[in-house]
>>> print(open('coords_38.cif').read())   # mmCIF, C-alpha atoms and all ligand atoms
data_protein
loop_
_atom_site.label_atom_id
_atom_site.label_comp_id
_atom_site.auth_asym_id
_atom_site.auth_seq_id
_atom_site.Cartn_x
_atom_site.Cartn_y
_atom_site.Cartn_z
CA MET A 22 15.97 -48.35 -45.96
CA VAL A 23 12.59 -47.23 -44.75
CA PRO A 24 12.17 -45.47 -41.39
CA THR A 25 9.67 -47.25 -39.17
CA ASN A 26 7.92 -44.00 -38.20
CA SER A 27 6.38 -45.56 -35.13
CA VAL A 28 5.05 -43.38 -32.34
CA ASP A 29 4.17 -44.76 -28.97
CA SER A 30 0.43 -44.20 -28.63
CA LYS A 31 0.50 -44.42 -24.81
CA PRO A 32 -0.84 -41.27 -23.15
CA SER A 33 2.15 -39.08 -22.23
CA THR A 34 2.37 -36.56 -19.43
CA ALA A 35 -0.12 -34.72 -21.61
CA GLY A 36 -2.77 -37.01 -20.11
CA GLN A 37 -5.17 -38.52 -22.60
CA PHE A 38 -3.80 -36.60 -25.58
CA ASP A 39 -3.46 -38.95 -28.56
CA LEU A 40 -0.16 -37.85 -30.06
CA LYS A 41 -0.08 -40.62 -32.64
CA ALA A 42 -3.38 -39.54 -34.18
CA TYR A 43 -2.48 -35.86 -33.90
CA LEU A 44 0.86 -36.26 -35.68
CA ALA A 45 -0.67 -38.46 -38.39
CA GLU A 46 -3.41 -35.94 -39.14
CA ARG A 47 -1.05 -32.97 -39.17
CA ARG A 48 1.50 -34.81 -41.32
CA GLN A 49 -1.19 -35.54 -43.86
CA GLN A 50 -2.31 -31.88 -43.95
CA VAL A 51 1.28 -30.65 -44.32
CA GLU A 52 2.10 -33.18 -47.03
CA ALA A 53 -0.99 -32.24 -49.05
CA ALA A 54 -0.04 -28.56 -48.79
CA LEU A 55 3.58 -29.26 -49.80
CA ASP A 56 2.44 -31.36 -52.75
CA GLN A 57 0.32 -28.46 -53.95
CA ALA A 58 2.94 -25.78 -53.22
CA VAL A 59 5.66 -27.47 -55.28
CA ALA A 60 3.77 -28.89 -58.24
CA LEU A 61 5.69 -30.46 -61.11
CA ARG A 62 6.37 -27.90 -63.84
CA TYR A 63 9.09 -26.74 -66.24
CA PRO A 64 12.05 -27.20 -65.80
CA GLU A 65 10.94 -30.69 -64.80
CA THR A 66 14.35 -31.92 -63.56
CA LEU A 67 14.46 -29.18 -60.95
CA TYR A 68 10.88 -29.64 -59.74
CA GLU A 69 11.22 -33.41 -59.76
CA ALA A 70 14.34 -33.13 -57.60
CA MET A 71 12.61 -30.67 -55.23
CA ARG A 72 9.63 -33.00 -54.87
CA TYR A 73 11.88 -36.06 -54.48
CA SER A 74 13.35 -34.77 -51.21
CA LEU A 75 10.44 -32.65 -50.00
CA LEU A 76 7.86 -35.42 -50.30
CA ALA A 77 10.14 -38.19 -49.03
CA GLY A 78 8.53 -38.37 -45.60
CA GLY A 79 10.24 -37.25 -42.45
CA LYS A 80 8.62 -36.41 -39.16
CA ARG A 81 7.38 -32.95 -40.29
CA LEU A 82 8.14 -31.75 -36.80
CA ARG A 83 8.90 -28.14 -37.72
CA PRO A 84 5.65 -27.47 -39.63
CA ILE A 85 3.63 -29.30 -36.97
CA LEU A 86 5.14 -27.13 -34.23
CA CYS A 87 4.25 -24.01 -36.22
CA LEU A 88 0.64 -25.11 -36.70
CA ALA A 89 0.37 -26.06 -33.02
CA THR A 90 1.50 -22.67 -31.70
CA CYS A 91 -0.75 -20.83 -34.17
CA GLU A 92 -3.71 -22.74 -32.72
CA LEU A 93 -2.43 -22.25 -29.18
CA ALA A 94 -2.56 -18.49 -29.80
CA GLY A 95 -6.08 -18.63 -31.27
CA GLY A 96 -5.25 -18.85 -34.98
CA SER A 97 -6.25 -21.45 -37.57
CA THR A 98 -4.05 -24.01 -39.29
CA ALA A 99 -4.80 -22.27 -42.62
CA LEU A 100 -3.25 -19.06 -41.30
CA ALA A 101 0.06 -20.78 -40.54
CA MET A 102 0.17 -23.37 -43.35
CA PRO A 103 2.31 -21.32 -45.82
CA THR A 104 4.88 -20.73 -43.05
CA ALA A 105 4.66 -24.38 -41.98
CA CYS A 106 5.43 -25.43 -45.58
CA ALA A 107 8.27 -22.90 -45.82
CA LEU A 108 9.85 -24.36 -42.67
CA GLU A 109 9.80 -27.82 -44.22
CA MET A 110 11.25 -26.46 -47.49
CA ILE A 111 14.10 -24.81 -45.57
CA HIS A 112 14.70 -27.91 -43.46
CA THR A 113 14.74 -30.13 -46.58
CA MET A 114 17.16 -27.74 -48.29
CA SER A 115 19.48 -28.02 -45.28
CA LEU A 116 19.34 -31.84 -45.42
CA ILE A 117 20.11 -31.89 -49.16
CA HIS A 118 23.09 -29.56 -48.71
CA ASP A 119 24.24 -31.33 -45.54
CA ASP A 120 24.34 -34.65 -47.43
CA LEU A 121 26.56 -33.32 -50.25
CA PRO A 122 30.08 -34.77 -50.64
CA ALA A 123 31.59 -31.41 -49.61
CA MET A 124 29.63 -31.57 -46.34
CA ASP A 125 28.65 -34.82 -44.57
CA ASN A 126 28.78 -36.96 -47.73
CA ASP A 127 25.77 -39.20 -47.09
CA ASP A 128 24.16 -41.74 -49.40
CA TYR A 129 20.82 -42.17 -47.62
CA ARG A 130 18.25 -39.80 -46.15
CA ARG A 131 14.66 -40.39 -45.13
CA GLY A 132 14.98 -44.00 -46.23
CA ARG A 133 16.04 -43.28 -49.80
CA LEU A 134 19.12 -42.31 -51.76
CA THR A 135 20.20 -38.72 -51.13
CA ASN A 136 19.30 -36.05 -53.67
CA HIS A 137 22.78 -35.78 -55.21
CA LYS A 138 23.02 -39.58 -55.55
CA VAL A 139 19.93 -39.50 -57.76
CA TYR A 140 20.21 -36.16 -59.58
CA GLY A 141 23.94 -35.31 -59.33
CA GLU A 142 25.67 -32.69 -57.22
CA ASP A 143 24.96 -29.79 -59.56
CA VAL A 144 21.21 -30.39 -59.53
CA ALA A 145 21.19 -31.08 -55.76
CA ILE A 146 22.83 -27.71 -55.02
CA LEU A 147 20.30 -25.92 -57.24
CA THR A 148 17.45 -27.93 -55.72
CA GLY A 149 18.42 -26.68 -52.27
CA ASP A 150 18.71 -23.13 -53.58
CA ALA A 151 15.28 -23.30 -55.20
CA LEU A 152 13.64 -24.69 -52.04
CA LEU A 153 15.28 -22.05 -49.86
CA THR A 154 14.29 -19.08 -51.99
CA TYR A 155 10.81 -20.40 -52.73
CA ALA A 156 10.19 -20.78 -48.98
CA PHE A 157 10.39 -17.00 -48.54
CA GLU A 158 8.29 -16.31 -51.64
CA HIS A 159 5.68 -18.77 -50.38
CA VAL A 160 5.29 -17.08 -46.98
CA ALA A 161 5.15 -13.62 -48.54
CA THR A 162 2.62 -14.45 -51.26
CA GLN A 163 0.44 -17.15 -49.69
CA THR A 164 -0.13 -16.02 -46.09
CA GLN A 165 -3.68 -14.73 -45.74
CA GLY A 166 -5.42 -13.08 -42.83
CA ALA A 167 -2.34 -12.19 -40.77
CA ASP A 168 -1.15 -8.74 -39.70
CA PRO A 169 1.44 -7.82 -42.40
CA ASN A 170 3.82 -6.69 -39.64
CA GLN A 171 3.76 -10.19 -38.21
CA VAL A 172 4.36 -11.72 -41.66
CA LEU A 173 7.41 -9.44 -42.02
CA ARG A 174 8.57 -10.53 -38.59
CA VAL A 175 8.25 -14.19 -39.60
CA VAL A 176 10.20 -13.58 -42.84
CA ALA A 177 12.97 -11.82 -40.89
CA GLY A 178 13.01 -14.61 -38.30
CA LEU A 179 13.32 -17.27 -41.00
CA GLY A 180 16.23 -15.38 -42.59
CA LYS A 181 18.01 -15.11 -39.26
CA ALA A 182 17.46 -18.82 -38.52
CA VAL A 183 19.03 -19.85 -41.84
CA GLY A 184 21.98 -17.45 -42.20
CA GLY A 185 25.19 -16.77 -40.30
CA GLU A 186 23.29 -16.52 -37.02
CA GLY A 187 21.56 -19.83 -37.67
CA LEU A 188 22.06 -22.95 -39.82
CA VAL A 189 25.00 -21.63 -41.85
CA GLY A 190 26.83 -20.33 -38.75
CA GLY A 191 26.34 -23.65 -36.96
CA GLN A 192 27.37 -25.68 -39.98
CA ILE A 193 30.59 -23.79 -40.59
CA VAL A 194 31.73 -24.18 -36.98
CA ASP A 195 30.73 -27.85 -37.19
CA LEU A 196 32.85 -28.37 -40.32
CA ALA A 197 35.80 -26.58 -38.73
CA SER A 198 35.50 -28.76 -35.60
CA GLU A 199 35.55 -32.09 -37.41
CA GLY A 200 38.46 -34.28 -36.33
CA ASN A 201 39.36 -31.92 -33.49
CA PRO A 202 39.18 -33.86 -30.20
CA ASP A 203 39.54 -30.66 -28.16
CA VAL A 204 36.17 -29.18 -29.12
CA THR A 205 34.63 -27.82 -25.92
CA LEU A 206 31.09 -28.20 -24.62
CA GLU A 207 30.65 -24.48 -25.29
CA THR A 208 31.56 -24.89 -28.99
CA LEU A 209 29.39 -27.99 -29.32
CA THR A 210 26.45 -26.13 -27.83
CA TYR A 211 27.08 -23.18 -30.17
CA ILE A 212 27.00 -25.58 -33.15
CA HIS A 213 23.73 -27.17 -32.16
CA ASN A 214 21.97 -24.03 -30.99
CA HIS A 215 22.62 -22.69 -34.50
CA LYS A 216 22.39 -25.82 -36.70
CA THR A 217 19.36 -27.35 -35.02
CA ALA A 218 17.70 -25.21 -32.36
CA ALA A 219 17.46 -21.97 -34.38
CA LEU A 220 15.08 -23.43 -36.99
CA LEU A 221 13.06 -25.17 -34.26
CA GLU A 222 12.81 -21.82 -32.44
CA ILE A 223 11.31 -19.97 -35.41
CA SER A 224 9.09 -23.01 -36.10
CA VAL A 225 7.57 -22.58 -32.63
CA THR A 226 7.44 -18.78 -32.46
CA SER A 227 6.27 -18.10 -36.04
CA GLY A 228 2.88 -19.78 -35.58
CA ALA A 229 2.22 -17.71 -32.47
CA MET A 230 3.39 -14.50 -34.18
CA LEU A 231 0.99 -15.03 -37.09
CA ALA A 232 -1.90 -15.52 -34.66
CA GLY A 233 -1.02 -12.26 -32.88
CA ALA A 234 0.18 -13.77 -29.58
CA SER A 235 1.38 -11.42 -26.82
CA GLU A 236 5.13 -10.82 -26.47
CA ASP A 237 5.04 -12.55 -23.11
CA ASP A 238 3.52 -15.69 -24.64
CA ILE A 239 6.05 -15.61 -27.50
CA ASP A 240 8.88 -15.37 -24.95
CA HIS A 241 7.61 -18.45 -23.11
CA LEU A 242 7.28 -20.33 -26.39
CA ARG A 243 10.82 -19.28 -27.36
CA GLN A 244 12.12 -20.70 -24.11
CA TYR A 245 10.23 -23.96 -24.77
CA ALA A 246 11.72 -24.08 -28.28
CA GLN A 247 15.30 -23.48 -27.20
CA ARG A 248 15.03 -26.28 -24.66
CA ILE A 249 13.45 -28.84 -26.99
CA GLY A 250 15.92 -27.75 -29.70
CA LEU A 251 18.96 -28.71 -27.68
CA ALA A 252 17.29 -31.89 -26.37
CA PHE A 253 16.45 -32.83 -29.98
CA GLN A 254 20.14 -32.64 -30.94
CA ILE A 255 21.33 -34.58 -27.88
CA VAL A 256 18.88 -37.36 -28.86
CA ASP A 257 20.11 -37.11 -32.48
CA ASP A 258 23.67 -37.73 -31.26
CA ILE A 259 22.50 -40.67 -29.13
CA LEU A 260 20.58 -42.23 -32.04
CA ASP A 261 23.67 -42.00 -34.27
CA ILE A 262 25.27 -44.47 -31.84
CA THR A 263 22.35 -46.64 -30.75
CA SER A 264 20.04 -46.87 -33.78
CA THR A 265 20.11 -48.68 -37.12
CA PRO A 266 19.96 -47.42 -40.73
CA GLU A 267 16.60 -49.21 -41.15
CA THR A 268 15.05 -47.33 -38.25
CA LEU A 269 16.63 -43.93 -38.91
CA GLY A 270 16.43 -43.98 -42.72
CA LYS A 271 20.03 -42.70 -42.91
CA SER A 272 23.55 -43.89 -42.14
CA VAL A 273 24.48 -44.34 -38.49
CA GLY A 274 27.85 -44.20 -36.72
CA LYS A 275 28.85 -41.18 -38.81
CA ASP A 276 29.94 -39.09 -35.82
CA ILE A 277 32.44 -41.67 -34.60
CA THR A 278 33.80 -42.25 -38.13
CA ALA A 279 34.21 -38.50 -38.67
CA GLN A 280 35.79 -38.19 -35.19
CA LYS A 281 33.20 -35.65 -34.17
CA VAL A 282 32.86 -34.48 -30.62
CA THR A 283 29.23 -35.09 -29.62
CA TYR A 284 27.23 -34.96 -26.39
CA PRO A 285 27.64 -38.72 -25.83
CA SER A 286 31.39 -38.46 -26.51
CA LEU A 287 31.69 -35.75 -23.85
CA TRP A 288 29.15 -37.03 -21.32
CA GLY A 289 28.54 -40.71 -22.15
CA LEU A 290 25.16 -42.14 -23.17
CA ASP A 291 23.50 -42.22 -19.75
CA GLU A 292 24.34 -38.64 -18.83
CA SER A 293 23.32 -37.48 -22.34
CA ARG A 294 19.91 -39.13 -21.85
CA ARG A 295 19.59 -37.52 -18.41
CA GLN A 296 20.45 -34.06 -19.78
CA ALA A 297 17.96 -34.45 -22.63
CA SER A 298 15.19 -35.49 -20.21
CA GLN A 299 16.01 -32.58 -17.92
CA LEU A 300 15.76 -30.14 -20.84
CA ILE A 301 12.41 -31.63 -21.86
CA GLU A 302 11.02 -31.23 -18.32
CA ALA A 303 12.23 -27.62 -18.30
CA ALA A 304 10.68 -27.05 -21.75
CA LYS A 305 7.33 -28.29 -20.49
CA GLU A 306 7.57 -25.99 -17.47
CA SER A 307 7.93 -23.04 -19.87
CA LEU A 308 4.34 -23.72 -20.95
CA ALA A 309 2.89 -23.69 -17.43
CA GLY A 310 0.84 -20.55 -18.08
CA PHE A 311 -1.01 -21.92 -21.12
CA GLY A 312 -4.26 -23.90 -21.02
CA ASP A 313 -5.27 -27.19 -22.60
CA LEU A 314 -4.16 -26.04 -26.06
CA ARG A 315 -0.61 -26.63 -24.87
CA LEU A 316 -1.21 -30.40 -24.79
CA PRO A 317 0.21 -31.04 -28.30
CA LEU A 318 3.38 -29.14 -27.36
CA LEU A 319 3.75 -31.12 -24.12
CA ALA A 320 3.29 -34.40 -25.97
CA ILE A 321 5.72 -33.38 -28.73
CA ALA A 322 8.32 -32.53 -26.07
CA ASP A 323 7.94 -36.03 -24.60
CA PHE A 324 8.15 -37.52 -28.09
CA ILE A 325 11.43 -35.70 -28.79
CA VAL A 326 13.21 -37.36 -25.90
CA ALA A 327 11.57 -40.78 -26.33
CA ARG A 328 11.87 -40.95 -30.12
CA THR A 329 13.64 -43.82 -31.81
CA TYR A 330 13.91 -42.22 -35.29
C1 LIG B 1 22.79 -23.51 -47.70
C2 LIG B 1 21.62 -21.57 -46.56
C3 LIG B 1 22.21 -22.93 -46.49
C4 LIG B 1 22.17 -23.61 -45.31
C5 LIG B 1 22.58 -25.01 -45.12
C6 LIG B 1 23.93 -27.66 -44.55
C7 LIG B 1 23.59 -26.58 -43.59
C8 LIG B 1 23.65 -25.16 -44.06
C9 LIG B 1 23.25 -26.81 -42.32
C10 LIG B 1 23.06 -28.15 -41.75
C11 LIG B 1 21.81 -28.17 -40.93
C12 LIG B 1 21.45 -29.56 -40.47
C13 LIG B 1 21.30 -30.62 -41.50
C14 LIG B 1 21.27 -29.78 -39.15
C15 LIG B 1 20.84 -31.07 -38.60
C16 LIG B 1 19.45 -30.91 -38.04
C17 LIG B 1 18.81 -32.24 -37.77
C18 LIG B 1 18.96 -32.80 -36.41
C19 LIG B 1 18.15 -32.86 -38.75
C20 LIG B 1 17.32 -34.06 -38.62
O1 LIG B 1 15.99 -33.58 -38.48
P1 LIG B 1 14.76 -34.56 -38.34
O2 LIG B 1 15.12 -35.70 -37.44
O3 LIG B 1 14.62 -35.11 -39.83
O4 LIG B 1 13.57 -33.76 -37.96
P2 LIG B 1 13.30 -35.53 -40.63
O5 LIG B 1 13.81 -36.32 -41.80
O6 LIG B 1 12.42 -36.33 -39.71
O7 LIG B 1 12.64 -34.26 -41.07
#
>>> encode(input="coords_38.cif", output="structure tokens")
Amino acid sequence: MVPTNSVDSKPSTAGQFDLKAYLAERRQQVEAALDQAVALRYPETLYEAMRYSLLAGGKRLRPILCLATCELAGGSTALAMPTACALEMIHTMSLIHDDLPAMDNDDYRRGRLTNHKVYGEDVAILTGDALLTYAFEHVATQTQGADPNQVLRVVAGLGKAVGGEGLVGGQIVDLASEGNPDVTLETLTYIHNHKTAALLEISVTSGAMLAGASEDDIDHLRQYAQRIGLAFQIVDDILDITSTPETLGKSVGKDITAQKVTYPSLWGLDESRRQASQLIEAAKESLAGFGDLRLPLLAIADFIVARTY
């Protein structure tokens, strides 16, 4: 299964901004940096497994958001690239662990067999561990030209986004909710704010922090991130029902099989689409005070709700 990775090249509400070209260029930069950051070395099995999942494609949305807000705040892509790579390492770790038999038990991810299907569960667990820990080392040792206080702030923010107040917290409530038809909207929103939106939030704010953005600007970016984060998950739930394995690069229909409460199961598909669009409009309004450099973020917000993969 190979994801189609198509992006509508029509101008979005961001006017003439060419999102397709922007994403392609940024993806290429991020992938070159990841390739270099996790070079093959001893013990080869571990590094091969890390590279297998890390370089398997994917939208690279989190690193691209980080680079975009660094530029928005007057910084360069080089300044944010180690953090951008770390975000993708953390995200990839979460996918590897999420796919394990003890979690979602998936066979396909990003159009190929999941990490544990190729390397075994033991190696897949260690691969995730190595990516997670290396992400922090990479930010701390490779970031150049930033205020050290801001680097510390980014490291702390990444830790918070991954731990009990982030991915792990969201995942454990998600696991506990499986098969329970009485899960409330409040619990569902807790799960997704932690599992999905928390990492998107630090992806957006970290780039701006490294570039020395004002607290007011960071607050507006945080609001943008929280809104796109929830919209992203609503669309993820919709795609699990409406898409195909070929397009998504992973199994579909998992939520219904696992009897998971999702936004479409609570609201229906049409209302879920309406809520996602409303969140995206609100996210774009959060950026009203920024100039033309906000165009990539506006276009990415539109892409999140219109995406088919
Ligand atoms: C072990 C510290 C530790 C944490 C892991 C497994 C876990 C805890 C959390 C699960 C987090 C998770 C997989 C959330 C789903 C987020 C999501 C919507 C992923 C899909 O992201 P895309 O569409 O994927 O951006 P690509 O492949 O394009 O990058």
>>> closest_residue(input="coords_38.cif", among="A:Ala279, A:Met102, A:Leu82, A:Cys91", to="ligand LIG 1 (chain B)", atoms="only C-alpha atoms and all ligand atoms")
A:Leu82
>>> closest_residue(input="coords_38.cif", among="A:Val175, A:Leu269, A:Ile223, A:Leu308", to="ligand LIG 1 (chain B)", atoms="all atoms listed in the file")
A:Leu269
>>> closest_atom_pairs(input="coords_38.cif", of="chain A", to="ligand LIG 1 (chain B)", cutoff="7 Å", atoms="all atoms listed in the file", output="JSON lines")
{"residue": "A:Gly78", "atom": "CA", "partner": "B:LIG1", "partner_atom": "O5", "distance": 6.8}
{"residue": "A:Gly79", "atom": "CA", "partner": "B:LIG1", "partner_atom": "O6", "distance": 3.6}
{"residue": "A:Lys80", "atom": "CA", "partner": "B:LIG1", "partner_atom": "O6", "distance": 3.8}
{"residue": "A:Arg81", "atom": "CA", "partner": "B:LIG1", "partner_atom": "O7", "distance": 5.5}
{"residue": "A:Leu82", "atom": "CA", "partner": "B:LIG1", "partner_atom": "O4", "distance": 5.9}
{"residue": "A:Met114", "atom": "CA", "partner": "B:LIG1", "partner_atom": "C5", "distance": 6.8}
{"residue": "A:Ser115", "atom": "CA", "partner": "B:LIG1", "partner_atom": "C5", "distance": 4.3}
{"residue": "A:Leu116", "atom": "CA", "partner": "B:LIG1", "partner_atom": "C13", "distance": 4.5}
{"residue": "A:His118", "atom": "CA", "partner": "B:LIG1", "partner_atom": "C6", "distance": 4.6}
{"residue": "A:Asp119", "atom": "CA", "partner": "B:LIG1", "partner_atom": "C6", "distance": 3.8}
{"residue": "A:Arg131", "atom": "CA", "partner": "B:LIG1", "partner_atom": "O5", "distance": 5.3}
{"residue": "A:Val183", "atom": "CA", "partner": "B:LIG1", "partner_atom": "C2", "distance": 5.7}
{"residue": "A:Gly184", "atom": "CA", "partner": "B:LIG1", "partner_atom": "C2", "distance": 6.0}
{"residue": "A:Leu188", "atom": "CA", "partner": "B:LIG1", "partner_atom": "C9", "distance": 4.8}
{"residue": "A:Val189", "atom": "CA", "partner": "B:LIG1", "partner_atom": "C8", "distance": 4.4}
{"residue": "A:Gly191", "atom": "CA", "partner": "B:LIG1", "partner_atom": "C9", "distance": 6.9}
{"residue": "A:Gln192", "atom": "CA", "partner": "B:LIG1", "partner_atom": "C9", "distance": 4.9}
{"residue": "A:Lys216", "atom": "CA", "partner": "B:LIG1", "partner_atom": "C14", "distance": 4.8}
{"residue": "A:Thr217", "atom": "CA", "partner": "B:LIG1", "partner_atom": "C16", "distance": 4.7}
{"residue": "A:Phe253", "atom": "CA", "partner": "B:LIG1", "partner_atom": "C18", "distance": 6.9}
{"residue": "A:Gln254", "atom": "CA", "partner": "B:LIG1", "partner_atom": "C18", "distance": 5.6}
{"residue": "A:Asp257", "atom": "CA", "partner": "B:LIG1", "partner_atom": "C18", "distance": 5.9}
{"residue": "A:Tyr330", "atom": "CA", "partner": "B:LIG1", "partner_atom": "O2", "distance": 7.0}
>>> atom_distance(input="coords_38.cif", atom1="atom CA of Leu221 of chain A", atom2="atom CA of Thr283 of chain A")
19.5 Å
>>> atom_distance(input="coords_38.cif", atom1="atom CA of Leu44 of chain A", atom2="atom CA of Gln247 of chain A")
21.1 Å
>>> residues_around(input="coords_38.cif", residues="Lys281 of chain A", least_positions_apart="2", cutoff="6 Å", atoms="all atoms listed in the file", output="list in words")
Glu199, Gly200, Asp276 and Ala279 of chain A
>>> residues_around(input="coords_38.cif", residues="Leu179 of chain A", least_positions_apart="3", cutoff="9 Å", atoms="only C-alpha atoms", output="list of chain:residue names")
A:Ala107, A:Leu108, A:Ile111, A:Phe157, A:Arg174, A:Val175, A:Val176, A:Ala182, A:Val183, A:Gly184, A:Leu220, A:Ile223, A:Ser224, A:Ser227
>>> atom_distance(input="coords_38.cif", atom1="atom CA of Ala156 of chain A", atom2="atom CA of Gln171 of chain A")
16.4 Å
>>> axis_aligned_box(input="coords_38.cif", around="segment 80-92 of chain A", padding_each_side="6 Å", output="JSON")
{"center_x": 2.6, "center_y": -28.6, "center_z": -36.0, "size_x": 24.6, "size_y": 27.6, "size_z": 20.6}
>>> closest_residue(input="coords_38.cif", among="A:Ala161, A:Arg62, A:Ala105, A:Asp258", to="Pro285 of chain A", atoms="only C-alpha atoms")
A:Asp258
>>> build_atoms(input="coords_38.cif", residues="segment 191-198 of chain A", atoms="all heavy atoms", output="PDB file, keeping the file's coordinate frame")
ATOM      1  N   GLY A 191      26.122 -22.386 -37.682  1.00  0.00           N
ATOM      2  CA  GLY A 191      26.340 -23.650 -36.960  1.00  0.00           C
ATOM      3  C   GLY A 191      27.097 -24.649 -37.811  1.00  0.00           C
ATOM      4  O   GLY A 191      28.013 -25.340 -37.334  1.00  0.00           O
ATOM      5  N   GLN A 192      26.734 -24.696 -39.098  1.00  0.00           N
ATOM      6  CA  GLN A 192      27.370 -25.680 -39.980  1.00  0.00           C
ATOM      7  C   GLN A 192      28.854 -25.378 -40.186  1.00  0.00           C
ATOM      8  O   GLN A 192      29.677 -26.296 -40.217  1.00  0.00           O
ATOM      9  CB  GLN A 192      26.626 -25.686 -41.340  1.00  0.00           C
ATOM     10  CG  GLN A 192      27.182 -26.645 -42.372  1.00  0.00           C
ATOM     11  CD  GLN A 192      26.812 -28.104 -42.108  1.00  0.00           C
ATOM     12  OE1 GLN A 192      26.287 -28.435 -41.045  1.00  0.00           O
ATOM     13  NE2 GLN A 192      27.083 -28.966 -43.048  1.00  0.00           N
ATOM     14  N   ILE A 193      29.183 -24.106 -40.295  1.00  0.00           N
ATOM     15  CA  ILE A 193      30.590 -23.790 -40.590  1.00  0.00           C
ATOM     16  C   ILE A 193      31.474 -24.075 -39.371  1.00  0.00           C
ATOM     17  O   ILE A 193      32.603 -24.567 -39.518  1.00  0.00           O
ATOM     18  CB  ILE A 193      30.753 -22.339 -41.123  1.00  0.00           C
ATOM     19  CG1 ILE A 193      32.015 -22.247 -41.965  1.00  0.00           C
ATOM     20  CG2 ILE A 193      30.747 -21.290 -40.038  1.00  0.00           C
ATOM     21  CD1 ILE A 193      31.945 -21.242 -43.080  1.00  0.00           C
ATOM     22  N   VAL A 194      30.949 -23.846 -38.175  1.00  0.00           N
ATOM     23  CA  VAL A 194      31.730 -24.180 -36.980  1.00  0.00           C
ATOM     24  C   VAL A 194      31.813 -25.701 -36.837  1.00  0.00           C
ATOM     25  O   VAL A 194      32.853 -26.249 -36.455  1.00  0.00           O
ATOM     26  CB  VAL A 194      31.115 -23.514 -35.715  1.00  0.00           C
ATOM     27  CG1 VAL A 194      31.898 -23.902 -34.468  1.00  0.00           C
ATOM     28  CG2 VAL A 194      31.102 -21.990 -35.862  1.00  0.00           C
ATOM     29  N   ASP A 195      30.734 -26.377 -37.230  1.00  0.00           N
ATOM     30  CA  ASP A 195      30.730 -27.850 -37.190  1.00  0.00           C
ATOM     31  C   ASP A 195      31.815 -28.402 -38.121  1.00  0.00           C
ATOM     32  O   ASP A 195      32.611 -29.271 -37.741  1.00  0.00           O
ATOM     33  CB  ASP A 195      29.342 -28.347 -37.622  1.00  0.00           C
ATOM     34  CG  ASP A 195      29.148 -29.833 -37.335  1.00  0.00           C
ATOM     35  OD1 ASP A 195      29.921 -30.387 -36.546  1.00  0.00           O
ATOM     36  OD2 ASP A 195      28.215 -30.425 -37.909  1.00  0.00           O
ATOM     37  N   LEU A 196      31.857 -27.886 -39.352  1.00  0.00           N
ATOM     38  CA  LEU A 196      32.850 -28.370 -40.320  1.00  0.00           C
ATOM     39  C   LEU A 196      34.272 -28.118 -39.802  1.00  0.00           C
ATOM     40  O   LEU A 196      35.150 -28.982 -39.899  1.00  0.00           O
ATOM     41  CB  LEU A 196      32.667 -27.689 -41.680  1.00  0.00           C
ATOM     42  CG  LEU A 196      31.404 -28.063 -42.466  1.00  0.00           C
ATOM     43  CD1 LEU A 196      31.267 -27.207 -43.727  1.00  0.00           C
ATOM     44  CD2 LEU A 196      31.403 -29.544 -42.834  1.00  0.00           C
ATOM     45  N   ALA A 197      34.470 -26.933 -39.223  1.00  0.00           N
ATOM     46  CA  ALA A 197      35.800 -26.580 -38.730  1.00  0.00           C
ATOM     47  C   ALA A 197      36.205 -27.431 -37.523  1.00  0.00           C
ATOM     48  O   ALA A 197      37.394 -27.570 -37.221  1.00  0.00           O
ATOM     49  CB  ALA A 197      35.842 -25.097 -38.352  1.00  0.00           C
ATOM     50  N   SER A 198      35.212 -27.990 -36.827  1.00  0.00           N
ATOM     51  CA  SER A 198      35.500 -28.760 -35.600  1.00  0.00           C
ATOM     52  C   SER A 198      35.748 -30.235 -35.868  1.00  0.00           C
ATOM     53  O   SER A 198      36.207 -30.958 -34.976  1.00  0.00           O
ATOM     54  CB  SER A 198      34.314 -28.653 -34.630  1.00  0.00           C
ATOM     55  OG  SER A 198      34.020 -27.312 -34.372  1.00  0.00           O
TER      56      SER A 198
END
